[in-house]
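Chemist: Attaching a single structure in structure tokens format; questions to follow.
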Amino acid sequence: MNRLSKMYHWLYIRLKYGFHLKNPTYPFLIIKNLLRAKWNRLTGKQNFVLRGIDFAVTYNCNFNCEHCYSMKLKDNQQKRLTPEEYASICKQSMELGCVCFSLQGGEVFVRKDWEEIINAFMPKRNHLLITTNASLLDEARIVRLKELGVDTLYFSLDSGLPAEHDAFRRADGNFAKIMECIGFCNKHSVKVVINTCVTKQNLHSAGLKALLDYSHANHILVETIFARGLGNLDGHMEYMLDEQDVRDYYELRKNYPYVVRNLDNNYQEWGCPGMKEVLYITAYGEVCPCPYTHISMGNVRLEPLRTIRERGLQRQWWNHYHQECLTAQDQTFKEQYYKLIDGRPIITIEEFEKGELDPNNRLSTLC
């Protein structure tokens with residue numbers, strides 16, 4: 001791909017996904033945050049601008065995907081955050097510069113109060129997106145989501161071959177359902193992004209190539225997620241990419257300009273955005289660096305979000321832009337983390353730093 005083509009796709013992606021007619025002030029908020037980040041970098045300040053938060057609004061799901069991690073985080077003894085609590089978190093987040101809120105699960109739409117949760121995040125002002133398996137969507141619901149102010153739907157799609165995707169998701173007909181919903185989104189001007197999990201097994205597969213060809217032909221962004229040995233893949237490290245696989249992944253990307261990773265989208269520097277620019281908040285209020293690093297820095301029901309984030313930013317792994325994904329690539333981090341998280345839903349930052357579990361800590365003993 002030549003330089004002119006790269007520039008065209010770079011500009012196209014930012015215009016398509018960076019502007020929202022229902023929220024014309026959004027690009028200016030992004031520019032404001034970018035300028036703040038640029039100033040911090042020029043002056044050497046370690047003031048990171050928060051750009052987005054991922055929320056697991058539920059761990060319930062009507063699927064049981066091959067690589068799913070959410071069911072391992074489910075705790076029937078704890079109450080999920082309420083719409084009122086989400087409204088408070090939204091206000092605290094906006095004070096930190098956050099303008100993008102991502103709702104995920106489990107499956108978001110198994111919650112009966114999903115409309116109230118959406119409204120809690122002020123969707124007419126902020127950029128709101130939802131990750132879904134599409135099984136509970138139809139045209140009327142997509143129209144309703146647009147009315148509420150949802151900007152973007154992320155569809156979980158793991159192969160461009162219908163039978164292969166359905167097998168991976170353990171859900172016959174899901175590929176066709178997603179294609180139908182993408183058509184409804186295009187009809188009603190709702191933006192679409194594809195989430196796909198990249199494993200050692202599918203990196204060179206015809207299914208992944210077909211998916212990337214589809215996204216390229218239809219100008220759809222693909223968010224690629226490297227496999228981790230978590231959830232249903234607990235202990236299955238053979239799915240994770242090695243150094244050569246990562247090089248092959250970037251070689252593959254050269255001809256697919258719509259393929260991205262979360263490490264690509266930072267305000268300030270390339271690298272792991274955990275704690276600095278993104279956070280992950282569990283269904284029960286635990287604040288973690290990202291959806292794949294289940295290390296709690298604190299709970300928003302007990303402390304202000306600002307206090308919890310500052311605690312995380314003081315830790316060696318999250319006070320700079322690490323040049324690899326910690327849970328998927330960094331060998332030192334993986335050895336420590338996977339040893340402690342084995343069979344557990346979440347651990348505390350104190351346990352991680354000590355390298356041992358506290359038998360009196362409820363977070364680390366629940367299975």
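Letters for chains follow the order of the structure tokens (A, B, ...), residue numbers begin at 1 for each chain, and ligand numbers begin at 1 in the order shown.
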Show which residues sit within 9 Å of range 182-196 of chain A, as a list in words. Count only C-alpha atoms, and ignore same-chain residues fewer than 6 positions away.
Modeler: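 These residues fall inside the cut-off: Lys16, Tyr17, Thr131, Asp138, Glu139, Ile142, Val143, Leu145, Lys146, Val150, Asp151, Thr152, Leu153, Tyr154, Phe155, Ser156, Leu157, Asp158, Ser159, Leu208, Ser215, Ile220, Leu221, Val222, Glu223, Thr224, Ile225 and Phe226 of chain A.
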Chemist: Go ahead and save the picked residues with C-alpha atoms, as a JSON list (two decimals), in the first residue's frame.
Modeler:
[["chain", "number", "residue", "atom", "x", "y", "z"],
["A", 16, "LYS", "CA", -16.04, 8.37, 9.73],
["A", 17, "TYR", "CA", -15.52, 7.41, 13.37],
["A", 131, "THR", "CA", -20.26, -4.45, 22.21],
["A", 138, "ASP", "CA", -33.36, -6.47, 15.45],
["A", 139, "GLU", "CA", -34.08, -3.44, 13.28],
["A", 142, "ILE", "CA", -31.15, -0.64, 16.49],
["A", 143, "VAL", "CA", -33.43, 2.30, 15.67],
["A", 145, "LEU", "CA", -30.42, 2.67, 20.19],
["A", 146, "LYS", "CA", -29.87, 5.47, 17.69],
["A", 150, "VAL", "CA", -25.69, 5.29, 20.83],
["A", 151, "ASP", "CA", -23.01, 6.13, 18.24],
["A", 152, "THR", "CA", -21.40, 2.81, 17.45],
["A", 153, "LEU", "CA", -22.09, -0.90, 17.72],
["A", 154, "TYR", "CA", -19.18, -3.31, 18.06],
["A", 155, "PHE", "CA", -20.04, -6.76, 16.72],
["A", 156, "SER", "CA", -18.04, -9.76, 17.91],
["A", 157, "LEU", "CA", -17.04, -11.58, 14.73],
["A", 158, "ASP", "CA", -14.17, -14.08, 14.62],
["A", 159, "SER", "CA", -14.15, -15.37, 11.06],
["A", 208, "LEU", "CA", -9.44, -14.39, 9.26],
["A", 215, "SER", "CA", -13.97, -5.20, 6.36],
["A", 220, "ILE", "CA", -15.42, -1.21, 8.48],
["A", 221, "LEU", "CA", -12.92, -0.85, 11.30],
["A", 222, "VAL", "CA", -11.68, -4.11, 12.87],
["A", 223, "GLU", "CA", -10.51, -4.02, 16.49],
["A", 224, "THR", "CA", -8.17, -6.99, 16.90],
["A", 225, "ILE", "CA", -7.70, -8.55, 20.33],
["A", 226, "PHE", "CA", -4.80, -10.90, 21.04]]
Chemist: I'd like the neighbourhood of Ser88 in chain A as a short mmCIF file (atom, residue, chain, number, x, y, z; two decimals) with C-alpha atoms, in the first residue's frame, where a residue qualifies if any of its atoms comes within 10 Å (using only C-alpha atoms), though same-chain residues fewer than 5 positions away should be ignored.
Modeler:
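The file below, out.cif, is the result:
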data_model
loop_
_atom_site.label_atom_id
_atom_site.label_comp_id
_atom_site.auth_asym_id
_atom_site.auth_seq_id
_atom_site.Cartn_x
_atom_site.Cartn_y
_atom_site.Cartn_z
CA PRO A 83 -28.05 3.14 36.56
CA SER A 93 -15.10 10.35 34.52
CA ALA A 120 -26.87 7.40 32.64
CA PHE A 121 -23.88 8.07 30.36
CA VAL A 300 -15.91 3.04 43.00
CA PRO A 304 -13.73 8.39 44.21
CA LEU A 305 -12.65 7.30 40.74
#
Chemist: Rank nothing, just name the residue among A:Trp39, A:Tyr86, A:Tyr292, A:Phe352 nearest to Leu340 in chain A, using only C-alpha atoms.
Modeler: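 Among A:Trp39, A:Tyr86, A:Tyr292, A:Phe352, it is A:Phe352 that comes nearest to Leu340 in chain A.
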Chemist: May I ask which of the residues A:Ala171, A:Ile130, A:Leu103, A:Ala283 is the closest one to Asn60 in chain A, counting only C-alpha atoms?
Modeler: A:Ala283
Chemist: Residues within 10 Å of His322 in chain A, please, as a PyMOL selection string. Count only C-alpha atoms; anything in the same chain fewer than 5 positions from it doesn't count.
Modeler: chain A and resi 263+269-274+316-317+330
Chemist: List every residue of range 74-141 of chain A that DSSP, applied to the backbone, labels as alpha helix (DSSP H), and write the result as an MDAnalysis selection string.
Modeler: chainID A and resid 83:95 114:120 139:141
Chemist: Would you list, as a JSON list (two decimals) with C-alpha atoms, in the first residue's frame, the residues of range 195-336 of chain A that end up in strand (DSSP E) under DSSP run on this structure's backbone?
Modeler:
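This is the output file selection00.json:
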[["chain", "number", "residue", "atom", "x", "y", "z"],
["A", 195, "ASN", "CA", -14.23, -7.08, 17.30],
["A", 196, "THR", "CA", -12.18, -10.16, 16.51],
["A", 197, "CYS", "CA", -9.95, -12.37, 18.65],
["A", 198, "VAL", "CA", -6.61, -13.27, 17.05],
["A", 221, "LEU", "CA", -12.92, -0.85, 11.30],
["A", 222, "VAL", "CA", -11.68, -4.11, 12.87],
["A", 223, "GLU", "CA", -10.51, -4.02, 16.49],
["A", 224, "THR", "CA", -8.17, -6.99, 16.90],
["A", 225, "ILE", "CA", -7.70, -8.55, 20.33],
["A", 226, "PHE", "CA", -4.80, -10.90, 21.04],
["A", 259, "VAL", "CA", -7.30, -3.19, 11.22],
["A", 260, "VAL", "CA", -6.31, -1.67, 14.57],
["A", 278, "VAL", "CA", -8.47, 3.75, 29.52],
["A", 279, "LEU", "CA", -9.98, 1.96, 32.48],
["A", 280, "TYR", "CA", -12.13, -1.11, 32.95],
["A", 281, "ILE", "CA", -14.85, -1.18, 35.61],
["A", 287, "VAL", "CA", -11.51, -0.56, 38.71],
["A", 288, "CYS", "CA", -8.92, -2.41, 36.60],
["A", 295, "ILE", "CA", -6.27, -6.54, 38.94],
["A", 296, "SER", "CA", -8.39, -4.24, 41.09]]
Chemist: Would you please work out which residue, of A:Thr43, A:Gln78, A:Thr332, A:Asn126, is nearest to Phe101 in chain A when using only C-alpha atoms?
Modeler: A:Asn126
Chemist: Which residue, A:Gln46, A:Thr132, A:Arg306, A:Ile30, has the smallest gap to Cys90 in chain A when you use only C-alpha atoms?
Modeler: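 Using only C-alpha atoms, Cys90 in chain A sits closest to A:Arg306.
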Chemist: Find the distance between CA of Arg253 in chain A and CA of Leu211 in chain A and write it in Å to one decimal.
Modeler: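 It comes out at 12.6 Å.
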Chemist: Which residues, written as a VMD selection string, have at least one atom at most 10 Å from Glu353 in chain A, with only C-alpha atoms counted and residues fewer than 6 positions away on the same chain left out?
Modeler: chain A and resid 315 to 316 336 to 337
Chemist: The selected residues should be written to file as an mmCIF file, in the first residue's frame (atoms: all heavy atoms).
Modeler:
data_model
loop_
_atom_site.group_PDB
_atom_site.id
_atom_site.type_symbol
_atom_site.label_atom_id
_atom_site.label_comp_id
_atom_site.auth_asym_id
_atom_site.auth_seq_id
_atom_site.Cartn_x
_atom_site.Cartn_y
_atom_site.Cartn_z
ATOM 1 N N ARG A 315 1.776 2.821 40.042
ATOM 2 C CA ARG A 315 2.376 1.490 39.915
ATOM 3 C C ARG A 315 3.287 1.430 38.698
ATOM 4 O O ARG A 315 3.000 2.026 37.651
ATOM 5 C CB ARG A 315 1.275 0.440 39.793
ATOM 6 C CG ARG A 315 0.823 -0.187 41.092
ATOM 7 C CD ARG A 315 0.509 0.777 42.197
ATOM 8 N NE ARG A 315 0.333 0.066 43.472
ATOM 9 C CZ ARG A 315 -0.197 0.618 44.551
ATOM 10 N NH1 ARG A 315 -0.609 1.868 44.530
ATOM 11 N NH2 ARG A 315 -0.299 -0.088 45.668
ATOM 12 N N GLN A 316 4.366 0.637 38.833
ATOM 13 C CA GLN A 316 5.407 0.616 37.805
ATOM 14 C C GLN A 316 4.914 0.131 36.443
ATOM 15 O O GLN A 316 5.433 0.551 35.410
ATOM 16 C CB GLN A 316 6.572 -0.270 38.272
ATOM 17 C CG GLN A 316 6.196 -1.736 38.490
ATOM 18 C CD GLN A 316 7.397 -2.624 38.689
ATOM 19 O OE1 GLN A 316 8.448 -2.359 38.142
ATOM 20 N NE2 GLN A 316 7.240 -3.686 39.471
ATOM 21 N N GLN A 336 3.933 -13.639 36.412
ATOM 22 C CA GLN A 336 3.420 -13.212 37.714
ATOM 23 C C GLN A 336 1.893 -13.248 37.745
ATOM 24 O O GLN A 336 1.268 -13.751 38.666
ATOM 25 C CB GLN A 336 3.918 -11.802 38.022
ATOM 26 C CG GLN A 336 3.360 -11.186 39.301
ATOM 27 C CD GLN A 336 4.159 -11.584 40.522
ATOM 28 O OE1 GLN A 336 4.881 -12.578 40.489
ATOM 29 N NE2 GLN A 336 4.023 -10.829 41.583
ATOM 30 N N TYR A 337 1.291 -12.699 36.695
ATOM 31 C CA TYR A 337 -0.166 -12.526 36.669
ATOM 32 C C TYR A 337 -0.911 -13.852 36.562
ATOM 33 O O TYR A 337 -1.834 -14.126 37.336
ATOM 34 C CB TYR A 337 -0.539 -11.608 35.507
ATOM 35 C CG TYR A 337 -2.031 -11.403 35.337
ATOM 36 C CD1 TYR A 337 -2.777 -10.734 36.311
ATOM 37 C CD2 TYR A 337 -2.682 -11.867 34.197
ATOM 38 C CE1 TYR A 337 -4.141 -10.538 36.148
ATOM 39 C CE2 TYR A 337 -4.041 -11.674 34.028
ATOM 40 C CZ TYR A 337 -4.769 -11.010 34.997
ATOM 41 O OH TYR A 337 -6.108 -10.831 34.839
#
Chemist: So, counting only C-alpha atoms, which residue among A:Thr282, A:Pro289, A:Glu335, A:Arg247 is closest to Arg301 in chain A?
Modeler: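 Result for the nearest residue to Arg301 in chain A: A:Thr282.
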Chemist: Pick out the closest residue to Gly173 in chain A from this set: A:Ala134, A:Glu350, A:Gly149, A:Arg311. Count only C-alpha atoms.
Modeler: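 Once distances to Gly173 in chain A are computed over only C-alpha atoms, the minimum belongs to A:Ala134.
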